[in-house]
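Shown next: structure.cif, given as mmCIF, C-alpha atoms.
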data_structure
#
loop_
_atom_site.label_atom_id
_atom_site.label_comp_id
_atom_site.auth_asym_id
_atom_site.auth_seq_id
_atom_site.Cartn_x
_atom_site.Cartn_y
_atom_site.Cartn_z
CA MET O 1 -27.71 -54.18 -7.67
CA ASN O 2 -30.75 -52.32 -8.85
CA THR O 3 -29.96 -51.44 -12.47
CA ASN O 4 -32.80 -48.95 -12.49
CA PHE O 5 -31.30 -47.10 -9.55
CA ASP O 6 -27.86 -47.18 -11.29
CA SER O 7 -29.46 -45.28 -14.17
CA ILE O 8 -31.39 -42.89 -11.91
CA LEU O 9 -28.16 -42.04 -10.11
CA ASP O 10 -26.35 -41.55 -13.41
CA GLU O 11 -29.06 -39.24 -14.78
CA SER O 12 -29.11 -37.30 -11.52
CA LEU O 13 -25.33 -36.83 -11.71
CA GLU O 14 -25.67 -35.59 -15.30
CA GLY O 15 -28.54 -33.34 -14.18
CA SER O 16 -26.60 -31.82 -11.30
CA ALA O 17 -23.59 -31.24 -13.60
CA SER O 18 -25.74 -29.33 -16.09
CA GLY O 19 -27.65 -27.37 -13.44
CA LYS O 20 -30.93 -29.29 -13.79
CA GLU O 21 -33.07 -30.64 -10.92
CA PRO O 22 -31.00 -33.70 -9.89
CA VAL O 23 -33.68 -35.70 -8.01
CA PRO O 24 -36.55 -37.19 -10.07
CA LYS O 25 -40.05 -36.65 -8.64
CA ASP O 26 -41.37 -40.26 -8.70
CA LEU O 27 -39.07 -41.74 -6.03
CA THR O 28 -39.94 -43.00 -2.57
CA SER O 29 -38.69 -40.94 0.37
CA GLN O 30 -36.08 -43.61 1.15
CA GLU O 31 -34.81 -43.54 -2.43
CA VAL O 32 -34.68 -39.75 -2.33
CA LYS O 33 -32.62 -39.90 0.86
CA GLU O 34 -30.28 -42.51 -0.64
CA LEU O 35 -29.90 -40.51 -3.84
CA GLN O 36 -29.19 -37.24 -2.03
CA GLY O 37 -26.52 -38.95 0.07
CA LEU O 38 -24.82 -40.35 -3.03
CA LEU O 39 -24.97 -37.01 -4.82
CA ALA O 40 -23.36 -35.30 -1.82
CA THR O 41 -20.57 -37.91 -1.80
CA ALA O 42 -20.14 -37.39 -5.54
CA GLN O 43 -19.71 -33.64 -4.99
CA GLN O 44 -17.02 -34.33 -2.41
CA VAL O 45 -15.21 -36.74 -4.77
CA LYS O 46 -15.42 -34.23 -7.60
CA GLY O 47 -13.89 -31.47 -5.46
CA ASP O 48 -11.05 -33.70 -4.31
CA LEU O 49 -10.25 -35.19 -7.71
CA GLN O 50 -10.21 -31.88 -9.50
CA LYS O 51 -7.71 -30.57 -6.98
CA ALA O 52 -5.49 -33.63 -7.52
CA ALA O 53 -4.14 -32.53 -10.89
CA PRO O 54 -0.51 -32.77 -12.02
CA SER O 55 1.33 -29.46 -12.31
CA PRO O 56 1.52 -27.99 -15.86
CA GLN O 57 5.33 -27.96 -15.55
CA PHE O 58 5.37 -31.68 -14.88
CA VAL O 59 2.97 -32.41 -17.77
CA ALA O 60 5.14 -30.39 -20.18
CA TRP O 61 8.39 -31.90 -18.88
CA LEU O 62 7.14 -35.47 -19.24
CA GLU O 63 5.83 -34.85 -22.75
CA ALA O 64 9.22 -33.46 -23.81
CA ARG O 65 10.97 -36.45 -22.25
CA LEU O 66 8.69 -38.93 -23.99
CA LEU O 67 9.15 -37.33 -27.37
CA GLN O 68 12.87 -37.21 -26.88
CA ARG O 69 12.89 -40.89 -25.91
CA ALA O 70 10.77 -41.69 -28.98
CA GLN O 71 13.44 -40.25 -31.25
CA GLU O 72 15.90 -42.88 -30.11
CA PRO O 73 15.71 -46.52 -31.13
CA GLY O 74 13.60 -48.61 -28.78
CA GLU O 75 15.20 -50.70 -26.06
CA ALA O 76 14.72 -53.89 -28.03
CA ASP O 77 16.18 -52.33 -31.14
CA ARG O 78 19.02 -50.93 -29.11
CA LEU O 79 19.73 -54.33 -27.63
CA ARG O 80 19.63 -55.95 -31.05
CA THR O 81 21.94 -53.27 -32.40
CA ARG O 82 24.35 -53.81 -29.53
CA MET O 83 24.24 -57.56 -30.00
CA ALA O 84 24.87 -57.15 -33.69
CA LEU O 85 27.60 -54.61 -33.18
CA TRP O 86 29.57 -56.08 -30.33
CA PRO O 87 31.61 -58.60 -32.37
CA ARG O 88 32.49 -55.75 -34.71
CA ALA O 89 33.30 -53.50 -31.77
CA VAL O 90 35.56 -56.15 -30.24
CA LEU O 91 37.19 -56.81 -33.58
CA ALA O 92 37.72 -53.11 -34.20
CA SER O 93 39.12 -52.65 -30.71
CA LEU O 94 41.43 -55.64 -31.01
CA THR O 95 42.67 -54.46 -34.41
CA LEU O 96 43.36 -51.00 -33.04
CA VAL O 97 45.06 -52.45 -29.99
CA LEU O 98 47.26 -54.62 -32.22
CA VAL O 99 48.05 -51.80 -34.57
CA LEU O 100 48.53 -49.03 -32.06
CA GLY O 101 49.50 -51.04 -29.01
CA ALA O 102 47.62 -51.77 -25.77
CA GLY O 103 48.11 -48.18 -24.68
CA SER O 104 45.63 -47.09 -27.35
CA VAL O 105 42.61 -48.18 -25.31
CA TRP O 106 43.99 -46.35 -22.32
CA ALA O 107 44.74 -43.32 -24.49
CA ALA O 108 41.23 -43.43 -25.95
CA GLN O 109 39.72 -42.89 -22.51
CA GLY O 110 40.74 -39.24 -22.65
CA SER O 111 39.26 -38.64 -26.12
CA GLY O 112 36.15 -36.62 -26.89
CA PRO O 113 33.42 -36.80 -29.58
CA GLY O 114 34.78 -36.15 -33.05
CA GLU O 115 38.31 -37.28 -32.15
CA VAL O 116 40.01 -40.26 -33.79
CA LEU O 117 40.09 -42.46 -30.69
CA TYR O 118 36.58 -41.66 -29.51
CA PRO O 119 34.89 -44.62 -31.29
CA LEU O 120 37.41 -46.89 -29.55
CA LYS O 121 36.44 -45.38 -26.20
CA ARG O 122 32.74 -45.96 -26.85
CA SER O 123 33.37 -49.49 -28.16
CA SER O 124 35.35 -50.36 -25.07
CA GLU O 125 32.43 -49.13 -22.92
CA GLN O 126 30.00 -51.36 -24.78
CA VAL O 127 32.38 -54.29 -24.40
CA ALA O 128 32.65 -53.62 -20.65
CA LEU O 129 28.85 -53.58 -20.38
CA TRP O 130 28.67 -56.79 -22.33
CA VAL O 131 31.32 -58.53 -20.22
CA ILE O 132 30.06 -57.44 -16.78
CA ARG O 133 26.80 -59.18 -15.88
CA ASP O 134 26.64 -58.37 -12.17
CA PRO O 135 23.97 -55.64 -11.61
CA ARG O 136 26.22 -53.75 -9.16
CA GLY O 137 29.06 -53.72 -11.66
CA ARG O 138 26.75 -52.60 -14.44
CA ALA O 139 25.19 -49.85 -12.31
CA ASN O 140 28.70 -48.69 -11.46
CA LEU O 141 29.64 -48.57 -15.15
CA HIS O 142 26.55 -46.55 -16.08
CA LEU O 143 27.36 -44.03 -13.36
CA ILE O 144 30.94 -43.74 -14.61
CA PHE O 145 29.74 -43.32 -18.20
CA ALA O 146 27.27 -40.60 -17.15
CA ASP O 147 30.17 -38.69 -15.59
CA ARG O 148 32.27 -39.14 -18.69
CA ARG O 149 29.52 -37.85 -20.97
CA LEU O 150 29.18 -34.72 -18.87
CA GLY O 151 32.91 -34.08 -19.16
CA GLU O 152 32.64 -34.52 -22.93
CA VAL O 153 29.84 -31.96 -23.26
CA GLU O 154 32.07 -29.30 -21.79
CA ARG O 155 34.85 -30.09 -24.25
CA LEU O 156 32.67 -29.73 -27.35
CA LYS O 157 32.88 -26.55 -29.39
CA GLU O 158 30.10 -23.97 -29.64
CA ASN O 159 28.96 -25.04 -33.10
CA GLN O 160 28.45 -28.63 -31.93
CA ASP O 161 25.21 -27.87 -30.10
CA GLU O 162 23.37 -30.82 -31.66
CA LEU O 163 26.02 -33.20 -30.43
CA GLN O 164 25.97 -31.57 -27.00
CA ALA O 165 22.21 -32.11 -26.78
CA LEU O 166 22.63 -35.74 -27.82
CA ILE O 167 25.35 -36.41 -25.27
CA LEU O 168 23.34 -34.75 -22.51
CA GLN O 169 20.50 -37.12 -23.37
CA GLU O 170 22.96 -39.98 -22.93
CA VAL O 171 23.72 -38.75 -19.42
CA THR O 172 20.03 -39.11 -18.57
CA GLU O 173 19.93 -42.52 -20.24
CA ASP O 174 22.93 -43.84 -18.36
CA THR O 175 21.60 -42.60 -15.02
CA ASP O 176 18.15 -44.08 -15.85
CA GLN O 177 19.76 -47.43 -16.49
CA ALA O 178 21.88 -47.18 -13.36
CA TRP O 179 18.74 -46.40 -11.34
CA THR O 180 16.84 -49.34 -12.81
CA LEU O 181 19.67 -51.67 -11.81
CA ILE O 182 20.06 -50.10 -8.34
CA SER O 183 16.36 -50.36 -7.56
CA GLN O 184 16.50 -54.08 -8.34
CA LEU O 185 19.36 -54.79 -5.93
CA PRO O 186 18.61 -56.52 -2.63
CA PRO O 187 17.98 -53.91 0.14
CA GLU O 188 21.29 -54.66 1.90
CA ASN O 189 23.26 -53.73 -1.24
CA ARG O 190 21.04 -50.87 -2.28
CA ARG O 191 21.80 -48.23 0.37
CA ASP O 192 25.43 -47.47 -0.60
CA PHE O 193 24.54 -47.27 -4.26
CA ILE O 194 21.63 -44.95 -3.60
CA LEU O 195 23.86 -42.67 -1.53
CA ARG O 196 26.34 -42.55 -4.36
CA PHE O 197 23.54 -41.92 -6.85
CA VAL O 198 22.26 -39.00 -4.74
CA GLN O 199 25.75 -37.48 -4.56
CA ASP O 200 26.32 -37.97 -8.29
CA ARG O 201 23.03 -36.31 -9.20
CA GLU O 202 23.78 -33.39 -6.86
CA ARG O 203 27.15 -32.97 -8.52
CA HIS O 204 25.58 -33.24 -11.98
CA GLN O 205 23.07 -30.50 -11.16
CA GLU O 206 25.86 -28.23 -9.97
CA PHE O 207 27.85 -28.95 -13.12
CA LEU O 208 24.88 -28.43 -15.45
CA ARG O 209 24.04 -25.09 -13.84
CA LYS O 210 27.65 -24.05 -14.28
CA ILE O 211 27.85 -24.90 -18.00
CA HIS O 212 24.33 -23.69 -18.91
CA ASP O 213 25.26 -20.11 -19.73
CA ARG O 214 28.36 -21.08 -21.66
CA LEU O 215 26.50 -23.29 -24.15
CA PRO O 216 24.62 -22.23 -27.30
CA PRO O 217 20.78 -21.86 -27.00
CA ARG O 218 19.92 -25.23 -28.50
CA ALA O 219 22.18 -27.04 -26.09
CA GLN O 220 20.83 -24.91 -23.22
CA GLN O 221 17.41 -26.47 -23.74
CA ALA O 222 19.00 -29.89 -23.41
CA VAL O 223 20.82 -28.73 -20.26
CA LEU O 224 17.50 -27.65 -18.71
CA ARG O 225 15.97 -31.03 -19.51
CA ALA O 226 18.99 -32.82 -18.06
CA LEU O 227 18.80 -30.60 -14.97
CA GLU O 228 15.14 -31.41 -14.44
CA SER O 229 15.89 -35.13 -14.79
CA ALA O 230 18.78 -34.84 -12.34
CA ARG O 231 16.56 -33.02 -9.83
CA ARG O 232 13.83 -35.64 -10.10
CA ASP O 233 16.33 -38.51 -9.87
CA HIS O 234 17.87 -36.90 -6.81
CA ASP O 235 14.46 -36.54 -5.07
CA ARG O 236 13.45 -40.05 -6.04
CA ALA O 237 16.68 -41.50 -4.68
CA LEU O 238 16.24 -39.59 -1.40
CA ARG O 239 12.74 -41.02 -1.06
CA ALA O 240 14.09 -44.52 -1.75
CA LEU O 241 16.62 -43.98 1.05
CA GLN O 242 13.87 -42.93 3.44
CA GLU O 243 11.82 -45.95 2.47
CA LEU O 244 14.77 -48.22 3.23
CA GLY O 245 14.70 -46.90 6.78
CA PRO O 246 17.68 -46.28 9.08
CA PRO O 247 20.78 -48.41 8.45
CA SER O 248 20.94 -51.47 10.65
CA ASP O 249 23.68 -51.42 13.31
CA PRO O 250 26.82 -53.32 12.40
CA PRO O 251 27.19 -56.55 14.37
CA ASN O 252 28.88 -55.92 17.73
CA ASN O 253 31.57 -58.56 18.07
CA ASN O 254 32.41 -57.45 21.62
CA LYS O 255 29.06 -58.55 22.93
CA PRO O 256 29.28 -61.52 25.23
CA MET W 1 -14.07 -42.27 -35.37
CA GLU W 2 -12.95 -45.87 -34.86
CA LYS W 3 -10.81 -45.63 -37.99
CA GLU W 4 -9.27 -42.35 -36.78
CA LEU W 5 -8.37 -43.97 -33.49
CA GLN W 6 -6.78 -46.94 -35.23
CA ASP W 7 -4.84 -44.59 -37.45
CA LEU W 8 -3.67 -42.60 -34.41
CA ILE W 9 -2.37 -45.75 -32.74
CA ARG W 10 -0.68 -46.95 -35.88
CA ARG W 11 1.11 -43.61 -36.16
CA ALA W 12 2.07 -43.76 -32.49
CA GLN W 13 3.51 -47.22 -33.09
CA ARG W 14 5.80 -45.63 -35.66
CA TYR W 15 6.77 -43.08 -32.99
CA ASP W 16 5.05 -40.21 -34.81
CA ARG W 17 5.50 -37.23 -32.46
CA GLU W 18 2.03 -35.74 -32.97
CA ALA W 19 0.28 -39.05 -32.39
CA LEU W 20 2.29 -39.74 -29.25
CA SER W 21 1.55 -36.25 -27.93
CA GLU W 22 -2.16 -36.66 -28.60
CA ILE W 23 -2.35 -39.96 -26.74
CA TYR W 24 -0.23 -38.59 -23.89
CA ARG W 25 -2.28 -35.40 -23.45
CA ALA W 26 -5.55 -37.33 -23.57
CA HIS W 27 -4.53 -39.61 -20.72
CA VAL W 28 -1.90 -37.99 -18.51
CA GLN W 29 -4.36 -36.32 -16.13
CA ALA W 30 -6.40 -39.48 -15.54
CA ILE W 31 -3.33 -41.66 -15.04
CA TYR W 32 -1.78 -39.18 -12.61
CA ARG W 33 -5.03 -38.96 -10.62
CA TYR W 34 -5.40 -42.73 -10.55
CA ILE W 35 -1.89 -43.10 -9.15
CA TYR W 36 -2.28 -40.18 -6.75
CA VAL W 37 -5.48 -41.68 -5.30
CA ARG W 38 -3.56 -44.87 -4.57
CA VAL W 39 -0.24 -43.53 -3.28
CA GLY W 40 -1.38 -40.22 -1.78
CA ARG W 41 1.81 -38.29 -2.52
CA PRO W 42 2.18 -35.88 -5.45
CA ASP W 43 5.94 -36.47 -5.81
CA VAL W 44 5.54 -40.25 -5.98
CA ALA W 45 2.52 -39.87 -8.29
CA GLU W 46 4.67 -37.82 -10.69
CA ASP W 47 7.46 -40.40 -10.66
CA LEU W 48 5.13 -43.31 -11.26
CA THR W 49 3.24 -41.41 -13.97
CA SER W 50 6.58 -40.88 -15.76
CA GLU W 51 7.33 -44.58 -15.46
CA VAL W 52 3.90 -45.51 -16.86
CA PHE W 53 4.31 -43.42 -20.01
CA LEU W 54 7.93 -44.46 -20.56
CA LYS W 55 6.88 -48.08 -20.21
CA ALA W 56 3.96 -47.50 -22.57
CA LEU W 57 6.32 -45.99 -25.13
CA GLU W 58 8.56 -49.03 -24.89
CA SER W 59 5.71 -51.45 -25.49
CA ILE W 60 3.39 -49.50 -27.79
CA ARG W 61 4.72 -51.34 -30.82
CA THR W 62 3.28 -54.58 -29.55
CA PHE W 63 0.02 -52.99 -28.36
CA ASP W 64 -2.99 -54.57 -30.07
CA TYR W 65 -5.74 -51.98 -30.30
CA ARG W 66 -8.45 -54.54 -31.06
CA GLY W 67 -7.87 -56.30 -27.80
CA ILE W 68 -8.02 -53.46 -25.30
CA PRO W 69 -8.61 -49.66 -25.36
CA VAL W 70 -5.58 -47.39 -24.80
CA ALA W 71 -6.86 -46.03 -21.48
CA ALA W 72 -7.50 -49.50 -20.06
CA TRP W 73 -4.00 -50.53 -21.18
CA LEU W 74 -2.43 -47.46 -19.49
CA PHE W 75 -4.46 -48.03 -16.31
CA ARG W 76 -3.18 -51.61 -16.29
CA ILE W 77 0.43 -50.43 -16.50
CA ALA W 78 -0.29 -47.84 -13.78
CA HIS W 79 -1.82 -50.50 -11.55
CA ASP W 80 1.28 -52.71 -11.93
CA ARG W 81 3.58 -49.77 -11.13
CA VAL W 82 1.62 -48.92 -8.00
CA VAL W 83 1.73 -52.53 -6.79
CA ASP W 84 5.47 -52.58 -7.50
CA TYR W 85 5.90 -49.31 -5.57
CA PHE W 86 4.14 -50.69 -2.50
CA ARG W 87 6.15 -53.91 -2.74
CA LYS W 88 9.49 -52.09 -2.92
CA ALA W 89 8.50 -49.80 -0.08
CA GLY W 90 7.67 -52.90 1.96
CA ARG W 91 4.06 -51.82 2.36
CA GLU W 92 0.89 -53.71 1.61
CA VAL W 93 -1.36 -52.59 -1.20
CA PRO W 94 -4.56 -51.30 0.45
CA ILE W 95 -7.24 -53.99 0.24
CA ALA W 96 -10.28 -52.87 -1.70
CA ILE W 97 -13.70 -53.36 -0.16
CA GLY W 98 -15.21 -56.35 -1.87
CA GLU W 99 -11.79 -57.74 -2.83
CA GLY W 100 -10.59 -58.59 0.67
CA PRO W 101 -11.77 -61.27 3.06
CA SER W 102 -14.41 -59.04 4.66
CA GLU W 103 -15.43 -55.44 5.04
CA ASP W 104 -13.77 -55.46 8.43
CA SER W 105 -10.56 -54.61 6.59
CA SER W 106 -11.72 -51.03 6.97
CA SER W 107 -11.61 -51.25 10.75
CA ASP W 108 -7.95 -50.24 10.89
CA HIS W 109 -8.59 -46.85 9.33
CA PRO W 110 -6.71 -43.87 10.75
CA ALA W 111 -8.41 -41.53 13.20
CA GLY W 112 -8.93 -38.70 10.71
CA LEU W 113 -10.43 -40.68 7.86
CA THR W 114 -10.12 -38.80 4.62
CA LEU W 115 -11.92 -39.14 1.34
CA ARG W 116 -8.68 -40.20 -0.32
CA TRP W 117 -8.19 -42.91 2.28
CA ALA W 118 -11.71 -44.14 1.52
CA MET W 119 -11.05 -44.01 -2.23
CA GLU W 120 -8.01 -46.22 -1.72
CA ARG W 121 -10.43 -48.89 -0.52
CA LEU W 122 -12.32 -49.01 -3.82
CA THR W 123 -11.51 -51.57 -6.48
CA SER W 124 -9.23 -50.47 -9.29
CA GLU W 125 -12.14 -50.39 -11.76
CA GLN W 126 -14.30 -48.30 -9.42
CA GLN W 127 -11.46 -45.81 -8.99
CA GLN W 128 -11.02 -45.56 -12.75
CA VAL W 129 -14.70 -44.85 -13.28
CA LEU W 130 -14.80 -42.13 -10.59
CA ILE W 131 -11.61 -40.51 -11.90
CA LEU W 132 -12.93 -40.36 -15.44
CA ARG W 133 -16.36 -39.20 -14.29
CA PHE W 134 -15.46 -36.59 -11.70
CA GLY W 135 -11.82 -35.79 -12.46
CA GLU W 136 -12.20 -35.66 -16.24
CA GLY W 137 -15.91 -34.82 -16.50
CA ARG W 138 -16.73 -37.75 -18.82
CA THR W 139 -20.21 -39.21 -19.27
CA SER W 140 -20.98 -42.87 -18.59
CA ARG W 141 -21.20 -43.52 -22.31
CA GLU W 142 -17.75 -42.03 -22.88
CA ILE W 143 -16.28 -43.94 -19.95
CA ALA W 144 -17.75 -47.18 -21.29
CA LYS W 145 -15.97 -46.59 -24.57
CA ILE W 146 -12.69 -45.53 -22.94
CA LEU W 147 -12.55 -48.58 -20.68
CA GLY W 148 -14.08 -51.06 -23.11
CA LYS W 149 -17.14 -51.83 -20.94
CA THR W 150 -20.88 -51.59 -21.36
CA GLU W 151 -22.65 -48.44 -20.22
CA GLY W 152 -24.64 -50.49 -17.72
CA ALA W 153 -21.47 -51.88 -16.18
CA VAL W 154 -20.04 -48.36 -15.80
CA LYS W 155 -23.24 -47.12 -14.09
CA ALA W 156 -23.19 -50.09 -11.72
CA LEU W 157 -19.49 -49.51 -10.87
CA GLN W 158 -20.22 -45.83 -10.27
CA HIS W 159 -23.14 -46.62 -7.97
CA ARG W 160 -21.20 -49.23 -5.98
CA ALA W 161 -18.20 -46.92 -5.65
CA LEU W 162 -20.23 -43.98 -4.35
CA ALA W 163 -22.22 -46.21 -1.98
CA THR W 164 -18.98 -47.68 -0.55
CA LEU W 165 -17.44 -44.24 -0.12
CA ARG W 166 -20.55 -42.92 1.56
CA ARG W 167 -20.62 -45.87 3.96
CA LEU W 168 -16.92 -45.47 4.83
CA LEU W 169 -17.21 -41.74 5.32
CA GLU W 170 -20.31 -42.12 7.50
CA LYS W 171 -18.44 -44.64 9.68
CA SER W 172 -15.70 -42.12 10.28
CA GLU W 173 -18.04 -39.38 11.50
#
As structure tokens, what does this structure read like?
Amino acid sequence: MNTNFDSILDESLEGSASGKEPVPKDLTSQEVKELQGLLATAQQVKGDLQKAAPSPQFVAWLEARLLQRAQEPGEADRLRTRMALWPRAVLASLTLVLVLGAGSVWAAQGSGPGEVLYPLKRSSEQVALWVIRDPRGRANLHLIFADRRLGEVERLKENQDELQALILQEVTEDTDQAWTLISQLPPENRRDFILRFVQDRERHQEFLRKIHDRLPPRAQQAVLRALESARRDHDRALRALQELGPPSDPPNNNKP
Amino acid sequence: MEKELQDLIRRAQRYDREALSEIYRAHVQAIYRYIYVRVGRPDVAEDLTSEVFLKALESIRTFDYRGIPVAAWLFRIAHDRVVDYFRKAGREVPIAIGEGPSEDSSSDHPAGLTLRWAMERLTSEQQQVLILRFGEGRTSREIAKILGKTEGAVKALQHRALATLRRLLEKSE
């Protein structure tokens, strides 16, 4: 590669960007032709690339999501915390079960944030996640937990807007984790899960729209973020379905 | 300047909101364009751009500024995401001219050859240089600093990229 011509091209590009004469005078006619061709291509590239910009709504949404994610402990920290906490969670659960009877865990499933049995409910969820190692089982659990969190948001009182925002963020987290697990499944197991994911996210959007006006302003912001995430998840899952292609026909046992 | 940059990264590693925003805003356009050029669909480009920045946030604490500039690190993550996207979709990553077995890899181009299709055939580094130059309006000197290369290397990449594009576009006419 002619390093001199690399520099001539670069200076010409700078020149054309600042409105100066882009082609130097001391070039051969062949070099002039080559340079003009490259400058024309550069113009075309510039036009195309400047059109290919992300929408301002997307840029703002992603920034908000990143900052929100940054407020939580990192994945590694979270994992360490879970690892450190699970023996305590199991111990606490077992103690409660012994003291209150086995029905307490069942009873805790209907509890909401701020209620006595709620920590037991959350501990039992962590234990379930710890016990179940199969990705399908884990994805299933995350989808169930996302549904539960949504139900809990509705039960919170008006002055608990901070908690509502936090729990809505957990809905997004659980669905994110479910999606990560689903997208790693073998294609033959993926389709049914994706269909369920699509339906869940449609239902979540409907639910979030319904509760939006009933919640205090601070929680409404969180609802809008959760809605945007649900919409994007839904579109992404639909695309994944398309990419999987049509379902293969079930084997026909009647064939000779 | 160098010290300011180091300080910015250190703050970002502590999840300082302003530092994270500054890094994000400085790079989001270029990363989106880089992905868009490779996948050709705005919806997929948005999804993969989200994944790149969420992944970057997860691993920023272990990012070593002295080893590699932030933009080059983000482009690397973006490249991996794009490859992963093509793999999951069961499609082959387009072979770049100069990376594949021969330039004949361009012979299967679609009837209406577009500039984006031609850009897909550039190497990852060539794409990055063109995006920063023409999408972001950076000079060669700035690009060299952003990508951790010499100015001469950036000029050579720019020349090779434009020459390849011109050749591919001429073929299609």
Selected by the PyMOL selection byres ((chain O) within 9 of (chain W)) in the shown coordinates: which residues, as a PyMOL selection string?
chain O and resi 1-3+5-7+9-10+14+17+34+37-54+58-59+62-63+65-67+69-71+74-76+183+232+235-236+239-240+243-244
Determine the nearest neighbour of Pro186 (chain O) from the options O:Val153, O:Arg136, O:Leu166, O:Tyr118, counting only C-alpha atoms.
O:Arg136
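For the pair CA of Arg196 (chain O) and CA of Gln184 (chain O), the separation is 15.7 Å.
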Resolved residues for the PyMOL selection byres ((chain O and resi 185) around 12) as a CSV table (one decimal) with C-alpha atoms, in the frame of the given file:
chain,number,residue,atom,x,y,z
O,134,ASP,CA,26.6,-58.4,-12.2
O,135,PRO,CA,24.0,-55.6,-11.6
O,136,ARG,CA,26.2,-53.8,-9.2
O,137,GLY,CA,29.1,-53.7,-11.7
O,138,ARG,CA,26.8,-52.6,-14.4
O,139,ALA,CA,25.2,-49.8,-12.3
O,178,ALA,CA,21.9,-47.2,-13.4
O,179,TRP,CA,18.7,-46.4,-11.3
O,180,THR,CA,16.8,-49.3,-12.8
O,181,LEU,CA,19.7,-51.7,-11.8
O,182,ILE,CA,20.1,-50.1,-8.3
O,183,SER,CA,16.4,-50.4,-7.6
O,184,GLN,CA,16.5,-54.1,-8.3
O,186,PRO,CA,18.6,-56.5,-2.6
O,187,PRO,CA,18.0,-53.9,0.1
O,188,GLU,CA,21.3,-54.7,1.9
O,189,ASN,CA,23.3,-53.7,-1.2
O,190,ARG,CA,21.0,-50.9,-2.3
O,191,ARG,CA,21.8,-48.2,0.4
O,192,ASP,CA,25.4,-47.5,-0.6
O,193,PHE,CA,24.5,-47.3,-4.3
O,194,ILE,CA,21.6,-45.0,-3.6
W,88,LYS,CA,9.5,-52.1,-2.9
I'd like the neighbourhood of region 141-145 of chain O as a ChimeraX atom specification, where a residue qualifies if any of its atoms comes within 12 Å (using only C-alpha atoms), though same-chain residues fewer than 4 positions away should be ignored.
/O:109,121-122,124-137,149-152,167-168,170-182,193-194,196-201,204
Mind checking which residues fall within 9 Å of Ala165 (chain O), counting all atoms listed in the file, ignoring those fewer than 5 positions away in the same chain, and posting them as a PyMOL selection string?
chain O and resi 153+160+170+218-223
Separating CA of Arg38 (chain W) from CA of His79 (chain W), to the nearest tenth of an Å, is a gap of 9.1 Å
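Minimum distance to Arg10 (chain W) across W:Leu48, W:Asp80, W:Tyr65, W:Val39 (counting all atoms listed in the file) occurs at W:Tyr65.
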